[in-house]
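A.B. asks: So here's run_5.csv (CSV, C-alpha atoms).
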chain,number,residue,atom,x,y,z
A,1,MET,CA,-20.6,60.7,-43.1
A,2,GLU,CA,-22.9,62.2,-45.5
A,3,THR,CA,-26.6,63.3,-45.5
A,4,ILE,CA,-28.7,61.9,-48.2
A,5,GLN,CA,-32.0,63.7,-49.1
A,6,LEU,CA,-34.9,61.6,-50.5
A,7,LYS,CA,-37.5,63.4,-52.5
A,8,GLN,CA,-41.0,62.3,-53.3
A,9,ASN,CA,-43.3,64.0,-55.7
A,10,MET,CA,-47.1,64.0,-55.5
A,11,LEU,CA,-49.9,66.2,-56.5
A,12,PHE,CA,-52.5,67.7,-54.1
A,13,CYS,CA,-55.7,68.7,-55.8
A,14,ARG,CA,-59.4,69.3,-55.2
A,15,PHE,CA,-61.7,66.4,-56.0
A,16,ASP,CA,-63.2,68.4,-58.9
A,17,GLU,CA,-59.8,68.8,-60.5
A,18,LEU,CA,-59.6,65.1,-61.1
A,19,THR,CA,-60.7,63.7,-64.4
A,20,ASN,CA,-64.1,62.0,-64.6
A,21,ASP,CA,-62.5,58.5,-64.6
A,22,GLU,CA,-60.4,59.4,-61.6
A,23,GLN,CA,-63.5,60.9,-59.7
A,24,GLN,CA,-65.4,57.7,-60.5
A,25,LEU,CA,-62.6,55.5,-59.0
A,26,VAL,CA,-62.4,57.7,-55.9
A,27,ARG,CA,-66.2,57.6,-55.5
A,28,LYS,CA,-66.1,53.8,-55.6
A,29,ALA,CA,-63.6,53.8,-52.8
A,30,MET,CA,-65.8,56.2,-50.8
A,31,ASP,CA,-68.8,53.9,-51.4
A,32,ALA,CA,-66.7,50.9,-50.5
A,33,THR,CA,-66.5,52.3,-46.9
A,34,ASP,CA,-70.1,51.1,-46.5
A,35,ASN,CA,-68.8,47.5,-46.8
A,36,SER,CA,-66.3,47.9,-44.0
A,37,TYR,CA,-66.7,45.6,-41.0
A,38,SER,CA,-65.1,47.8,-38.3
A,39,PRO,CA,-67.0,47.2,-35.0
A,40,TYR,CA,-63.9,47.9,-32.9
A,41,SER,CA,-62.2,50.9,-34.4
A,42,LYS,CA,-65.3,52.4,-36.1
A,43,PHE,CA,-62.7,53.5,-38.8
A,44,ARG,CA,-64.2,52.5,-42.2
A,45,VAL,CA,-61.7,52.3,-45.1
A,46,GLY,CA,-62.7,51.6,-48.7
A,47,ALA,CA,-60.4,51.0,-51.7
A,48,ALA,CA,-61.1,50.7,-55.4
A,49,ILE,CA,-58.7,49.5,-58.0
A,50,ARG,CA,-58.8,49.7,-61.8
A,51,LEU,CA,-57.3,47.0,-63.8
A,52,ALA,CA,-55.6,47.5,-67.2
A,53,ASP,CA,-58.7,46.2,-69.0
A,54,GLY,CA,-60.9,48.8,-67.2
A,55,ARG,CA,-62.6,46.5,-64.7
A,56,GLU,CA,-62.9,48.0,-61.2
A,57,ILE,CA,-62.7,46.0,-58.0
A,58,ILE,CA,-63.5,47.3,-54.5
A,59,GLY,CA,-62.3,46.3,-51.0
A,60,ALA,CA,-63.1,47.3,-47.5
A,61,ASN,CA,-61.3,46.8,-44.2
A,62,GLN,CA,-62.4,43.8,-42.2
A,63,GLU,CA,-61.7,43.7,-38.5
A,64,ASN,CA,-61.5,40.9,-36.0
A,65,ALA,CA,-61.3,40.9,-32.2
A,66,ALA,CA,-57.8,39.4,-32.7
A,67,PHE,CA,-56.4,42.5,-34.5
A,68,PRO,CA,-53.5,40.7,-36.2
A,69,VAL,CA,-55.9,38.9,-38.5
A,70,THR,CA,-57.6,42.2,-39.5
A,71,LEU,CA,-57.3,42.9,-43.2
A,72,CYS,CA,-57.0,46.4,-44.8
A,73,ALA,CA,-59.2,47.6,-47.6
A,74,GLU,CA,-56.3,48.0,-50.0
A,75,ARG,CA,-55.3,44.4,-49.6
A,76,THR,CA,-58.8,43.0,-49.8
A,77,ALA,CA,-59.2,44.8,-53.2
A,78,ILE,CA,-55.8,43.7,-54.5
A,79,PHE,CA,-56.1,40.1,-53.4
A,80,ALA,CA,-59.7,39.9,-54.9
A,81,ALA,CA,-58.4,41.2,-58.2
A,82,GLN,CA,-55.4,38.9,-58.3
A,83,ALA,CA,-57.6,35.9,-57.4
A,84,GLN,CA,-60.1,36.7,-60.2
A,85,TYR,CA,-58.0,38.4,-62.9
A,86,PRO,CA,-54.3,37.4,-62.4
A,87,ASP,CA,-53.4,38.3,-65.9
A,88,GLN,CA,-54.6,41.9,-65.5
A,89,PRO,CA,-52.2,44.6,-64.1
A,90,ILE,CA,-53.5,47.0,-61.5
A,91,VAL,CA,-53.2,50.5,-63.0
A,92,ALA,CA,-54.9,52.6,-60.3
A,93,LEU,CA,-55.9,52.5,-56.6
A,94,ALA,CA,-58.1,54.9,-54.7
A,95,ILE,CA,-58.4,55.0,-50.9
A,96,ALA,CA,-61.0,56.8,-48.8
A,97,ALA,CA,-61.6,56.6,-45.0
A,98,ARG,CA,-64.3,57.8,-42.6
A,99,ASN,CA,-65.0,57.7,-38.9
A,100,GLU,CA,-68.1,58.4,-37.0
A,101,ASN,CA,-67.9,62.1,-38.0
A,102,GLY,CA,-67.7,61.4,-41.8
A,103,PHE,CA,-64.9,61.2,-44.3
A,104,THR,CA,-61.5,62.2,-43.0
A,105,VAL,CA,-60.4,65.8,-43.7
A,106,ASP,CA,-56.9,64.8,-44.7
A,107,PRO,CA,-56.2,61.8,-46.9
A,108,VAL,CA,-55.1,58.6,-45.2
A,109,SER,CA,-52.3,56.6,-46.7
A,110,PRO,CA,-51.7,52.8,-46.9
A,111,CYS,CA,-50.1,51.0,-43.9
A,112,GLY,CA,-46.6,49.5,-44.4
A,113,SER,CA,-48.0,46.0,-45.2
A,114,CYS,CA,-50.3,47.5,-47.9
A,115,ARG,CA,-47.4,49.5,-49.3
A,116,GLN,CA,-45.3,46.4,-49.7
A,117,VAL,CA,-48.2,44.6,-51.4
A,118,ILE,CA,-48.6,47.5,-53.8
A,119,LEU,CA,-44.9,47.5,-54.4
A,120,GLU,CA,-44.9,43.8,-55.3
A,121,ILE,CA,-47.8,44.4,-57.7
A,122,GLU,CA,-45.7,47.1,-59.5
A,123,GLN,CA,-42.8,44.6,-59.6
A,124,ARG,CA,-44.9,41.8,-60.8
A,125,TYR,CA,-46.4,43.7,-63.8
A,126,HIS,CA,-43.4,46.0,-64.4
A,127,GLN,CA,-45.6,49.1,-64.2
A,128,SER,CA,-46.5,51.7,-61.7
A,129,VAL,CA,-49.9,51.9,-59.8
A,130,LYS,CA,-51.3,55.4,-59.7
A,131,ILE,CA,-52.6,56.0,-56.2
A,132,TYR,CA,-55.4,58.5,-55.1
A,133,LEU,CA,-55.7,59.2,-51.4
A,134,TYR,CA,-59.0,61.0,-50.7
A,135,GLY,CA,-59.8,63.5,-47.9
A,136,THR,CA,-62.5,66.2,-47.9
A,137,ARG,CA,-59.7,68.9,-48.0
A,138,GLY,CA,-58.3,67.4,-51.2
A,139,VAL,CA,-56.8,64.4,-52.9
A,140,TYR,CA,-53.1,63.2,-53.1
A,141,VAL,CA,-52.3,61.9,-56.5
A,142,ILE,CA,-49.2,59.6,-56.4
A,143,ASN,CA,-47.6,58.1,-59.5
A,144,THR,CA,-46.0,55.1,-57.8
A,145,VAL,CA,-45.9,53.5,-54.4
A,146,ARG,CA,-42.2,54.1,-54.4
A,147,ASP,CA,-43.0,57.7,-53.5
A,148,LEU,CA,-44.6,56.4,-50.3
A,149,LEU,CA,-41.9,53.8,-49.8
A,150,PRO,CA,-38.6,55.3,-51.1
A,151,LEU,CA,-36.3,52.8,-49.3
A,152,CYS,CA,-38.1,49.7,-50.3
A,153,PHE,CA,-37.3,46.0,-50.1
A,154,VAL,CA,-37.6,44.3,-53.4
A,155,GLU,CA,-36.2,41.2,-55.1
A,156,GLU,CA,-33.1,43.1,-56.2
A,157,SER,CA,-32.4,43.9,-52.6
A,158,MET,CA,-31.5,40.2,-52.1
A,159,LEU,CA,-28.9,40.1,-54.8
Show me, as structure tokens, the structure contained in the file I just sent.
C.D. replies:
Amino acid sequence: METIQLKQNMLFCRFDELTNDEQQLVRKAMDATDNSYSPYSKFRVGAAIRLADGREIIGANQENAAFPVTLCAERTAIFAAQAQYPDQPIVALAIAARNENGFTVDPVSPCGSCRQVILEIEQRYHQSVKIYLYGTRGVYVINTVRDLLPLCFVEESML
């Protein structure tokens, strides 16, 4: 038996250390929390994505009394972009969340379903999606979803 160590790399920085373009995308995710429909959890999540051509698309979580049909902010943004601009790769994704007390202190990360969708976007376009996770204490900057999902299930897994 052997122990295997998995390593992920990510940056943690202050918001003002991001470039202007990165700050703009994070602000769009923060603003997108206003579009959340979250009457049950009161946990508002916003996402903003940037396409290869520079277009930006937002998404917000949408709850339902039957929780399994709830949809996360990340997937609403990704699916909207894919429906409107299927030929454009997604190059960046920013996520912000707030509760009744304001934006979360620590960044929140995508759920497992969203991680799988982001992974398949990377697979589809053969390029990484840079991810920005916002919290008032700082921002995680992640170069690929594989750093959030190191043992992932992809097409090659079925060979």
A.B. asks: Restricting the calculation to all atoms listed in the file: of A:Ser128, A:Ser157, A:Gln5, A:Asn35, which residue gets closest to Thr144 of chain A?
C.D. replies: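 Closest residue, counting all atoms listed in the file: A:Ser128.
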A.B. asks: Would you please work out which residue, of A:Leu149, A:Ala97, A:Ala60, A:Val141, is nearest to Leu6 of chain A when using all atoms listed in the file?
C.D. replies: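 Of A:Leu149, A:Ala97, A:Ala60, A:Val141, the one nearest Leu6 of chain A, counting all atoms listed in the file, is A:Leu149.
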A.B. asks: With distances taken over all atoms listed in the file, which of A:Ile58, A:Val139, A:Ala32, A:Val69 is nearest to Pro107 of chain A?
C.D. replies: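 The closest residue to Pro107 of chain A is A:Val139.
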A.B. asks: Would you mind telling me which residue in A:Glu74, A:Ile4, A:Met158, A:Glu122 lies nearest to Asn143 of chain A when using all atoms listed in the file?
C.D. replies: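 Checking each candidate against Asn143 of chain A, we get A:Glu122 as the closest.
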A.B. asks: Between atom CA of Ala29 of chain A and atom CA of Gln88 of chain A, what is the distance in Å, rounded to a tenth?
C.D. replies: 19.6 Å
A.B. asks: With all atoms listed in the file as the counted atoms, please give the residues lying no more than 12 Å from Asp53 of chain A, apart from itself and same-chain residues fewer than 4 positions off, as a list of chain:residue names.
C.D. replies: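 Neighbouring residues, sequence-local ones excluded: A:Ile49, A:Ile57, A:Ala81, A:Tyr85, A:Pro86, A:Asp87, A:Gln88, A:Pro89, A:Ile90, A:Val91, A:Ala92.
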A.B. asks: Selection from above, C-alpha atoms, as a PDB file, keeping the file's coordinate frame, can you write it?
C.D. replies:
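Now in again-v1.pdb:
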ATOM      1  CA  ILE A  49     -58.700  49.500 -58.000  1.00  0.00           C
ATOM      2  CA  ILE A  57     -62.700  46.000 -58.000  1.00  0.00           C
ATOM      3  CA  ALA A  81     -58.400  41.200 -58.200  1.00  0.00           C
ATOM      4  CA  TYR A  85     -58.000  38.400 -62.900  1.00  0.00           C
ATOM      5  CA  PRO A  86     -54.300  37.400 -62.400  1.00  0.00           C
ATOM      6  CA  ASP A  87     -53.400  38.300 -65.900  1.00  0.00           C
ATOM      7  CA  GLN A  88     -54.600  41.900 -65.500  1.00  0.00           C
ATOM      8  CA  PRO A  89     -52.200  44.600 -64.100  1.00  0.00           C
ATOM      9  CA  ILE A  90     -53.500  47.000 -61.500  1.00  0.00           C
ATOM     10  CA  VAL A  91     -53.200  50.500 -63.000  1.00  0.00           C
ATOM     11  CA  ALA A  92     -54.900  52.600 -60.300  1.00  0.00           C
TER      12      ALA A  92
END
A.B. asks: Give me, please, the distance in Å between atom CA of Ile95 of chain A and atom CA of Leu25 of chain A, quoted to one decimal.
C.D. replies: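 Computing the Euclidean distance for atom CA of Ile95 of chain A and atom CA of Leu25 of chain A yields 9.1 Å.
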A.B. asks: Between atom CA of Glu120 of chain A and atom CA of Lys28 of chain A, measure the distance and give it in Å to one decimal.
C.D. replies: 23.4 Å
A.B. asks: Find the spatial neighbours of Arg146 of chain A, counting only C-alpha atoms, within a cut-off of 12 Å - ignore same-chain residues fewer than 3 positions away - and output them as a count of residues only.
C.D. replies: 28
A.B. asks: Name all residues at most 9 Å from Glu22 of chain A (count all atoms listed in the file; drop same-chain ones fewer than 4 positions away) and give them as a PDB file with C-alpha atoms, in the coordinates of the input.
C.D. replies:
ATOM      1  CA  LEU A  18     -59.600  65.100 -61.100  1.00  0.00           C
ATOM      2  CA  VAL A  26     -62.400  57.700 -55.900  1.00  0.00           C
ATOM      3  CA  ARG A  27     -66.200  57.600 -55.500  1.00  0.00           C
ATOM      4  CA  ALA A  92     -54.900  52.600 -60.300  1.00  0.00           C
ATOM      5  CA  ALA A  94     -58.100  54.900 -54.700  1.00  0.00           C
ATOM      6  CA  TYR A 132     -55.400  58.500 -55.100  1.00  0.00           C
TER       7      TYR A 132
END
A.B. asks: Rank nothing, just name the residue among A:Ala80, A:Ala48, A:Leu11, A:Cys114 nearest to Tyr140 of chain A, using all atoms listed in the file.
C.D. replies: A:Leu11
A.B. asks: If we count all atoms listed in the file and set the cut-off at 10 Å, which residues sit around Thr70 of chain A, ignoring sequence neighbours fewer than 6 positions away in its own chain? Please answer as a list of chain:residue names.
C.D. replies: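 Everything that qualifies: A:Tyr37, A:Ser38, A:Asn61, A:Gln62, A:Glu63, A:Asn64.
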A.B. asks: Given the choices A:Cys13, A:His126, A:Leu51, A:Glu56, which gets closest to Gly138 of chain A if the distance is worked out from all atoms listed in the file?
C.D. replies: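 With all atoms listed in the file as the atom set, the closest residue is A:Cys13.
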A.B. asks: Generate the coordinates of N, CA and C atoms for segment 131-146 of chain A; report them as a compact mmCIF listing (two decimals), keeping the file's coordinate frame.
C.D. replies:
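Saved the output as part_26.txt:
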# COMPACT_ATOMS: atom_id res chain seq x y z
N ILE A 131 -51.92 56.12 -57.44
CA ILE A 131 -52.60 56.00 -56.20
C ILE A 131 -53.34 57.38 -55.89
N TYR A 132 -54.61 57.29 -55.51
CA TYR A 132 -55.40 58.50 -55.10
C TYR A 132 -55.82 58.32 -53.68
N LEU A 133 -55.41 59.26 -52.85
CA LEU A 133 -55.70 59.20 -51.40
C LEU A 133 -56.73 60.38 -51.19
N TYR A 134 -57.97 60.03 -50.82
CA TYR A 134 -59.00 61.00 -50.70
C TYR A 134 -59.18 61.56 -49.26
N GLY A 135 -59.36 62.86 -49.16
CA GLY A 135 -59.80 63.50 -47.90
C GLY A 135 -60.67 64.67 -48.35
N THR A 136 -61.52 65.13 -47.45
CA THR A 136 -62.50 66.20 -47.90
C THR A 136 -61.73 67.49 -48.22
N ARG A 137 -60.54 67.70 -47.69
CA ARG A 137 -59.70 68.90 -48.00
C ARG A 137 -59.11 68.78 -49.40
N GLY A 138 -58.88 67.55 -49.87
CA GLY A 138 -58.30 67.40 -51.20
C GLY A 138 -57.79 65.94 -51.37
N VAL A 139 -57.18 65.70 -52.51
CA VAL A 139 -56.80 64.40 -52.90
C VAL A 139 -55.26 64.40 -53.23
N TYR A 140 -54.51 63.45 -52.66
CA TYR A 140 -53.10 63.20 -53.10
C TYR A 140 -53.15 62.33 -54.28
N VAL A 141 -52.41 62.69 -55.30
CA VAL A 141 -52.30 61.90 -56.50
C VAL A 141 -50.80 61.47 -56.57
N ILE A 142 -50.55 60.17 -56.48
CA ILE A 142 -49.20 59.60 -56.40
C ILE A 142 -48.96 58.69 -57.55
N ASN A 143 -47.88 58.87 -58.28
CA ASN A 143 -47.60 58.10 -59.50
C ASN A 143 -47.11 56.71 -59.28
N THR A 144 -46.51 56.46 -58.14
CA THR A 144 -46.00 55.10 -57.80
C THR A 144 -45.87 54.97 -56.32
N VAL A 145 -46.03 53.76 -55.86
CA VAL A 145 -45.90 53.50 -54.40
C VAL A 145 -44.51 53.79 -53.91
N ARG A 146 -43.54 53.78 -54.81
CA ARG A 146 -42.20 54.10 -54.40
C ARG A 146 -42.05 55.50 -53.80
